[in-house]
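Student: One file is attached below, data_37.cif, containing mmCIF, C-alpha atoms.
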```cif
data_input
loop_
_atom_site.group_PDB
_atom_site.id
_atom_site.type_symbol
_atom_site.label_atom_id
_atom_site.label_comp_id
_atom_site.auth_asym_id
_atom_site.auth_seq_id
_atom_site.Cartn_x
_atom_site.Cartn_y
_atom_site.Cartn_z
ATOM 1 C CA MET U 1 87.870 133.112 68.672
ATOM 2 C CA ASN U 2 85.176 130.496 69.258
ATOM 3 C CA LYS U 3 87.003 128.017 67.005
ATOM 4 C CA MET U 4 90.190 128.460 69.038
ATOM 5 C CA LYS U 5 88.242 127.995 72.268
ATOM 6 C CA TYR U 6 86.697 124.734 70.982
ATOM 7 C CA LEU U 7 90.080 123.519 69.748
ATOM 8 C CA ILE U 8 91.726 124.120 73.150
ATOM 9 C CA THR U 9 88.787 122.502 74.945
ATOM 10 C CA GLY U 10 89.009 119.483 72.630
ATOM 11 C CA ILE U 11 92.748 119.072 73.158
ATOM 12 C CA CYS U 12 92.340 119.280 76.944
ATOM 13 C CA PHE U 13 89.579 116.664 76.809
ATOM 14 C CA VAL U 14 91.745 114.263 74.784
ATOM 15 C CA VAL U 15 94.713 114.700 77.136
ATOM 16 C CA LEU U 16 92.632 114.231 80.272
ATOM 17 C CA THR U 17 90.747 111.182 78.993
ATOM 18 C CA SER U 18 93.544 109.454 77.141
ATOM 19 C CA PHE U 19 94.965 107.656 80.165
ATOM 20 C CA SER U 20 94.422 103.917 80.228
ATOM 21 C CA SER U 21 96.339 100.921 81.492
ATOM 22 C CA ASP U 22 97.875 100.780 77.994
ATOM 23 C CA ASN U 23 99.699 104.007 78.834
ATOM 24 C CA LEU U 24 101.472 102.489 81.832
ATOM 25 C CA PRO U 25 105.219 101.820 81.513
ATOM 26 C CA LYS U 26 105.944 98.372 80.057
ATOM 27 C CA GLN U 27 107.951 97.224 83.086
ATOM 28 C CA PHE U 28 105.033 98.039 85.398
ATOM 29 C CA THR U 29 102.465 96.464 83.048
ATOM 30 C CA ASP U 30 104.560 93.304 82.786
ATOM 31 C CA LEU U 31 104.682 93.047 86.572
ATOM 32 C CA LEU U 32 100.914 93.555 86.806
ATOM 33 C CA ASN U 33 100.413 90.702 84.341
ATOM 34 C CA ILE U 34 102.901 88.351 86.037
ATOM 35 C CA THR U 35 101.359 88.909 89.464
ATOM 36 C CA LYS U 36 97.732 89.130 88.311
ATOM 37 C CA MET U 37 97.316 92.566 89.854
ATOM 38 C CA THR U 38 95.130 95.442 88.710
ATOM 39 C CA PHE U 39 95.950 99.131 88.758
ATOM 40 C CA ASP U 40 93.299 101.864 88.456
ATOM 41 C CA GLN U 41 94.777 105.313 87.955
ATOM 42 C CA PRO U 42 93.159 107.621 90.559
ATOM 43 C CA ASP U 43 91.494 110.795 89.291
ATOM 44 C CA GLN U 44 93.683 113.918 89.292
ATOM 45 C CA TYR U 45 96.891 111.882 89.542
ATOM 46 C CA PHE U 46 99.453 111.860 86.748
ATOM 47 C CA GLU U 47 102.580 109.853 86.044
ATOM 48 C CA THR U 48 105.795 111.348 87.379
ATOM 49 C CA PRO U 49 109.353 110.174 86.631
ATOM 50 C CA VAL U 50 110.856 107.328 88.640
ATOM 51 C CA ILE U 51 113.874 108.542 90.632
ATOM 52 C CA GLU U 52 116.779 106.133 90.802
ATOM 53 C CA ASN U 53 118.071 105.816 94.347
ATOM 54 C CA PRO U 54 120.023 103.292 96.451
ATOM 55 C CA GLN U 55 117.325 102.963 99.137
ATOM 56 C CA MET U 56 114.388 101.387 97.264
ATOM 57 C CA ASN U 57 113.741 100.712 93.587
ATOM 58 C CA TYR U 58 110.186 101.149 92.369
ATOM 59 C CA GLU U 59 108.506 100.837 88.980
ATOM 60 C CA TYR U 60 105.830 103.515 88.804
ATOM 61 C CA ALA U 61 104.906 106.817 90.443
ATOM 62 C CA ILE U 62 101.959 109.194 90.285
ATOM 63 C CA ILE U 63 101.564 112.697 91.635
ATOM 64 C CA ASN U 64 98.810 115.137 92.520
ATOM 65 C CA ASN U 65 100.582 118.474 92.197
ATOM 66 C CA ALA U 66 97.720 120.418 93.706
ATOM 67 C CA LYS U 67 98.035 118.415 96.913
ATOM 68 C CA ASP U 68 101.844 118.058 97.099
ATOM 69 C CA PHE U 69 101.274 114.308 97.273
ATOM 70 C CA GLU U 70 103.118 111.503 95.435
ATOM 71 C CA ILE U 71 102.600 107.741 95.425
ATOM 72 C CA ARG U 72 105.245 105.236 94.311
ATOM 73 C CA TYR U 73 104.633 101.563 93.573
ATOM 74 C CA ALA U 74 106.952 98.546 93.672
ATOM 75 C CA ILE U 75 105.930 94.972 92.816
ATOM 76 C CA ARG U 76 108.099 91.950 93.661
ATOM 77 C CA PRO U 77 106.909 88.658 92.119
ATOM 78 C CA LEU U 78 107.635 85.505 94.115
ATOM 79 C CA ASP U 79 107.857 83.025 91.223
ATOM 80 C CA GLU U 80 111.660 83.033 90.859
ATOM 81 C CA ARG U 81 112.215 83.112 94.608
ATOM 82 C CA ILE U 82 109.917 80.114 95.070
ATOM 83 C CA LYS U 83 111.654 78.265 92.242
ATOM 84 C CA ASN U 84 115.062 78.922 93.871
ATOM 85 C CA HIS U 85 113.701 77.838 97.253
ATOM 86 C CA ASN U 86 112.417 74.564 95.799
ATOM 87 C CA GLU U 87 115.805 73.896 94.197
ATOM 88 C CA ARG U 88 117.572 74.494 97.504
ATOM 89 C CA GLU U 89 115.129 72.159 99.221
ATOM 90 C CA LYS U 90 115.971 69.403 96.726
ATOM 91 C CA ASN U 91 119.672 69.779 97.495
ATOM 92 C CA LYS U 92 119.261 70.407 101.201
ATOM 93 C CA LYS U 93 122.037 69.195 103.467
ATOM 94 C CA PRO U 94 121.736 68.396 107.176
ATOM 95 C CA GLY U 95 121.602 71.659 109.124
ATOM 96 C CA ASP U 96 120.485 73.784 106.157
ATOM 97 C CA ILE U 97 117.537 76.057 106.844
ATOM 98 C CA ASN U 98 115.506 77.345 103.904
ATOM 99 C CA ILE U 99 112.637 79.696 104.649
ATOM 100 C CA HIS U 100 109.833 79.705 102.096
ATOM 101 C CA PRO U 101 109.254 83.109 100.424
ATOM 102 C CA ASN U 102 105.669 83.097 101.724
ATOM 103 C CA LYS U 103 107.123 83.359 105.248
ATOM 104 C CA LEU U 104 109.479 86.275 104.536
ATOM 105 C CA HIS U 105 107.016 89.133 103.975
ATOM 106 C CA THR U 106 107.373 90.616 107.479
ATOM 107 C CA ALA U 107 111.183 90.593 107.460
ATOM 108 C CA THR U 108 111.282 91.928 103.903
ATOM 109 C CA PHE U 109 108.924 94.786 104.792
ATOM 110 C CA GLN U 110 111.068 95.643 107.823
ATOM 111 C CA ALA U 111 114.124 95.826 105.544
ATOM 112 C CA VAL U 112 112.278 98.110 103.107
ATOM 113 C CA VAL U 113 111.182 100.380 105.965
ATOM 114 C CA PHE U 114 114.744 100.462 107.333
ATOM 115 C CA ASN U 115 116.117 101.494 103.928
ATOM 116 C CA VAL U 116 113.487 104.110 103.106
ATOM 117 C CA SER U 117 113.655 105.711 106.558
ATOM 118 C CA GLY U 118 117.439 105.945 106.561
ATOM 119 C CA GLY U 119 117.918 103.324 109.278
ATOM 120 C CA LYS U 120 114.908 103.484 111.607
ATOM 121 C CA PHE U 121 112.720 100.681 112.987
ATOM 122 C CA PRO U 122 109.276 102.227 113.607
ATOM 123 C CA LYS U 123 106.291 100.295 114.882
ATOM 124 C CA ILE U 124 104.548 98.358 112.109
ATOM 125 C CA GLY U 125 100.811 97.744 112.185
ATOM 126 C CA GLU U 126 99.362 94.682 110.470
ATOM 127 C CA PHE U 127 96.001 94.665 108.706
ATOM 128 C CA GLU U 128 93.340 92.313 109.966
ATOM 129 C CA PRO U 129 93.365 89.159 107.754
ATOM 130 C CA GLU U 130 89.690 89.589 106.749
ATOM 131 C CA SER U 131 90.236 93.271 105.845
ATOM 132 C CA VAL U 132 93.333 92.749 103.706
ATOM 133 C CA LYS U 133 91.572 89.871 101.909
ATOM 134 C CA LYS U 134 88.449 91.919 101.250
ATOM 135 C CA GLU U 135 90.188 95.158 100.262
ATOM 136 C CA PHE U 136 93.232 93.875 98.329
ATOM 137 C CA ASN U 137 92.554 90.131 97.819
ATOM 138 C CA ALA U 138 95.835 89.622 99.709
ATOM 139 C CA ASP U 139 96.848 87.186 102.442
ATOM 140 C CA TRP U 140 98.785 89.667 104.583
ATOM 141 C CA GLY U 141 99.428 93.390 104.767
ATOM 142 C CA ALA U 142 100.985 96.028 106.992
ATOM 143 C CA LEU U 143 101.758 99.732 107.198
ATOM 144 C CA THR U 144 103.921 102.264 109.000
ATOM 145 C CA MET U 145 104.776 105.982 108.859
ATOM 146 C CA VAL U 146 108.365 107.265 108.771
ATOM 147 C CA GLU U 147 110.392 110.379 108.274
ATOM 148 C CA VAL U 148 111.848 109.470 104.939
ATOM 149 C CA GLY U 149 115.562 109.384 104.069
ATOM 150 C CA LYS U 150 116.753 112.123 101.697
ATOM 151 C CA GLU U 151 117.763 109.896 98.787
ATOM 152 C CA PHE U 152 114.407 108.160 98.539
ATOM 153 C CA GLY U 153 112.308 111.037 99.839
ATOM 154 C CA THR U 154 113.865 113.726 97.627
ATOM 155 C CA ASP U 155 111.719 116.786 98.453
ATOM 156 C CA TYR U 156 109.335 115.010 100.830
ATOM 157 C CA LYS U 157 109.593 114.663 104.603
ATOM 158 C CA TYR U 158 107.152 111.851 105.431
ATOM 159 C CA CYS U 159 106.298 108.483 103.914
ATOM 160 C CA LEU U 160 103.435 106.131 104.708
ATOM 161 C CA LEU U 161 104.571 102.661 103.618
ATOM 162 C CA ILE U 162 102.006 99.979 102.866
ATOM 163 C CA THR U 163 102.699 96.404 101.820
ATOM 164 C CA ILE U 164 100.428 93.604 100.677
ATOM 165 C CA HIS U 165 101.401 89.961 100.185
ATOM 166 C CA LYS U 166 99.639 87.157 98.316
ATOM 167 C CA ASP U 167 100.932 83.629 98.880
ATOM 168 C CA ASP U 168 102.891 82.192 95.943
ATOM 169 C CA VAL U 169 102.295 85.382 93.911
ATOM 170 C CA ALA U 170 103.961 88.625 95.030
ATOM 171 C CA ASP U 171 104.726 91.307 97.548
ATOM 172 C CA ALA U 172 103.724 94.864 96.609
ATOM 173 C CA TYR U 173 104.704 98.162 98.216
ATOM 174 C CA PHE U 174 103.010 101.571 98.164
ATOM 175 C CA PHE U 175 104.884 104.707 99.249
ATOM 176 C CA TYR U 176 102.693 107.723 100.049
ATOM 177 C CA LEU U 177 104.885 110.829 100.204
ATOM 178 C CA SER U 178 104.129 114.334 101.450
ATOM 179 C CA ASN U 179 105.566 117.024 103.701
ATOM 180 C CA THR U 180 103.075 116.632 106.520
ATOM 181 C CA LYS U 181 101.492 113.602 108.161
ATOM 182 C CA GLU U 182 98.148 115.391 107.979
ATOM 183 C CA ASP U 183 98.345 115.638 104.181
ATOM 184 C CA ILE U 184 99.067 111.927 103.926
ATOM 185 C CA THR U 185 96.111 111.057 106.160
ATOM 186 C CA LYS U 186 93.841 113.438 104.262
ATOM 187 C CA ASN U 187 94.819 112.323 100.742
ATOM 188 C CA MET U 188 95.423 108.576 101.097
ATOM 189 C CA GLN U 189 91.794 107.403 100.907
ATOM 190 C CA ALA U 190 91.010 108.088 97.227
ATOM 191 C CA PRO U 191 94.006 106.151 95.799
ATOM 192 C CA PHE U 192 94.099 103.550 98.598
ATOM 193 C CA HIS U 193 92.849 100.616 96.479
ATOM 194 C CA ALA U 194 94.449 101.624 93.164
ATOM 195 C CA LEU U 195 96.722 98.566 93.211
ATOM 196 C CA ARG U 196 95.347 95.204 94.290
ATOM 197 C CA PHE U 197 95.409 91.489 93.514
ATOM 198 C CA LYS U 198 92.694 90.151 91.204
#
```
Rewrite the structure of this file - the entire thing - as structure tokens.
Tutor:
Amino acid sequence: MNKMKYLITGICFVVLTSFSSDNLPKQFTDLLNITKMTFDQPDQYFETPVIENPQMNYEYAIINNAKDFEIRYAIRPLDERIKNHNEREKNKKPGDINIHPNKLHTATFQAVVFNVSGGKFPKIGEFEPESVKKEFNADWGALTMVEVGKEFGTDYKYCLLITIHKDDVADAYFFYLSNTKEDITKNMQAPFHALRFK
């Protein structure tokens, strides 16, 4: 009986301690490398399948089943967009207006919020520049809370959306999902800095 107990304990230990950044999906790891971002898996959170949906694609998701709380992550590198912008600038004709990708983060976040919420435009709060630099090594960031659309939200009612932007590097999005606003507020602190720019 004792041997069985030790065997089960050993297996549980291996499973619980085997997570590392090497275990992340390749697509997500590639994006972390391209954008020079780091991801630290929060304690008591485990990978959960990505759900394909027409509202917002994302690359990785983690869940804390005990807290009915899921976090989804999307990373959008700016390298190709900047390259395309520079090409358009070279071939610019009179009257053409090309907005640099570093200036599109607010409009892009509004579009993401609109899609995820099923067509709503809630108030968006921006982080203080010093705070977003210190906490995420980013140049801009914002957040908002919405009642989430069914296709993206699946079994969840509310979503806290957070975005961070680093000039010439990337935009990243965090989606905190739960069935009450209180649960989001209560559970968001521990994983808050899991994804950040180096």
Student: On this structure, the PyMOL selection byres ((chain U and resi 59-69) around 6) would catch which residues? List them as number ranges by chain, sorted by chain and number.
Tutor: U: 28, 45-48, 58, 70-74, 177-178
Student: Given the file above and the PyMOL selection byres ((chain U and resi 53) around 12), which residues are selected, and can you give them as number ranges by chain?
Tutor: U: 50-52, 54-58, 115-116, 149-154
Student: Just checking: using all atoms listed in the file, which residue out of U:Ser117, U:Gln44, U:Asn84, U:Thr38 ends up closest to U:Asn137?
Tutor: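 Among U:Ser117, U:Gln44, U:Asn84, U:Thr38, it is U:Thr38 that comes nearest to U:Asn137.
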Student: From the set U:Ala170, U:Gly119, U:Met188, U:Pro94, which residue has the shortest atom-to-atom contact distance to U:Asn33, counting only C-alpha atoms?
Tutor: U:Ala170
Student: Taking only C-alpha atoms into account, name the residue in U:Lys181, U:Lys123, U:His100, U:Lys198 that is nearest to U:Asn86.
Tutor: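 Among the listed residues, U:His100 lies closest to U:Asn86.
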Student: What is the atom CA of U:Pro101-atom CA of U:Glu89 distance in Å, reported with one decimal?
Tutor: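 Answer for the atom CA of U:Pro101 to atom CA of U:Glu89 separation: 12.5 Å.
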Student: For atom CA of U:Asp171 and atom CA of U:Gly141, quote the distance in Å rounded to one decimal.
Tutor: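 Straight-line distance from atom CA of U:Asp171 to atom CA of U:Gly141 works out to 9.2 Å.
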Student: At what distance in Å, to one decimal, does atom CA of U:Asn102 lie from atom CA of U:Tyr176?
Tutor: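 Interatomic distance, atom CA of U:Tyr176 to atom CA of U:Asn102: 24.9 Å.
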Student: Which residue is closest to U:Val113? Choose from U:Glu147, U:Asp30, U:Asp79, U:Asp168 and count only C-alpha atoms.
Tutor: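 Answer, going by the shortest atom-to-atom distance: U:Glu147.
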Student: I'd like the neighbourhood of U:Glu135 as number ranges by chain, where a residue qualifies if any of its atoms comes within 9 Å (using only C-alpha atoms), though same-chain residues fewer than 5 positions away should be ignored.
Tutor: U: 130, 193, 196
Student: To test your reading of the syntax: which residues would the PyMOL selection byres ((chain U and resi 42) around 8) return for the file shown? Reply as a ChimeraX atom specification.
Tutor: /U:40-41,43-45,190-191,194
Student: Let me make sure I understand: among U:Leu104, U:Lys186, U:Val148, U:Ala172, which one has the smallest atom-to-atom distance to U:Leu31 if we use only C-alpha atoms?
Tutor: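 Of all the options, U:Ala172 lies closest to U:Leu31.
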Student: Between U:Ile34, U:Pro77, U:Trp140, U:Val112, which residue has the minimum interatomic distance to U:Phe174, considering all atoms listed in the file?
Tutor: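 Nearest to U:Phe174: U:Val112.
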Student: With only C-alpha atoms counted, which protein, DNA or RNA residues have an atom no more than 8 Å from (107.1, 93.1, 112.8) in the file frame? Please answer as a ChimeraX atom specification.
Tutor: /U:106-107,110,123-125
Student: Output, as AutoDock Vina command-line options, the centre and edge lengths in Å (one decimal) of the axis-aligned box that contains all listed atoms of stretch 144-162 of chain U with 4 Å of margin on each side.
Tutor:
```
--center_x 109.9 --center_y 108.4 --center_z 103.3 --size_x 23.8 --size_y 24.8 --size_z 19.4
```
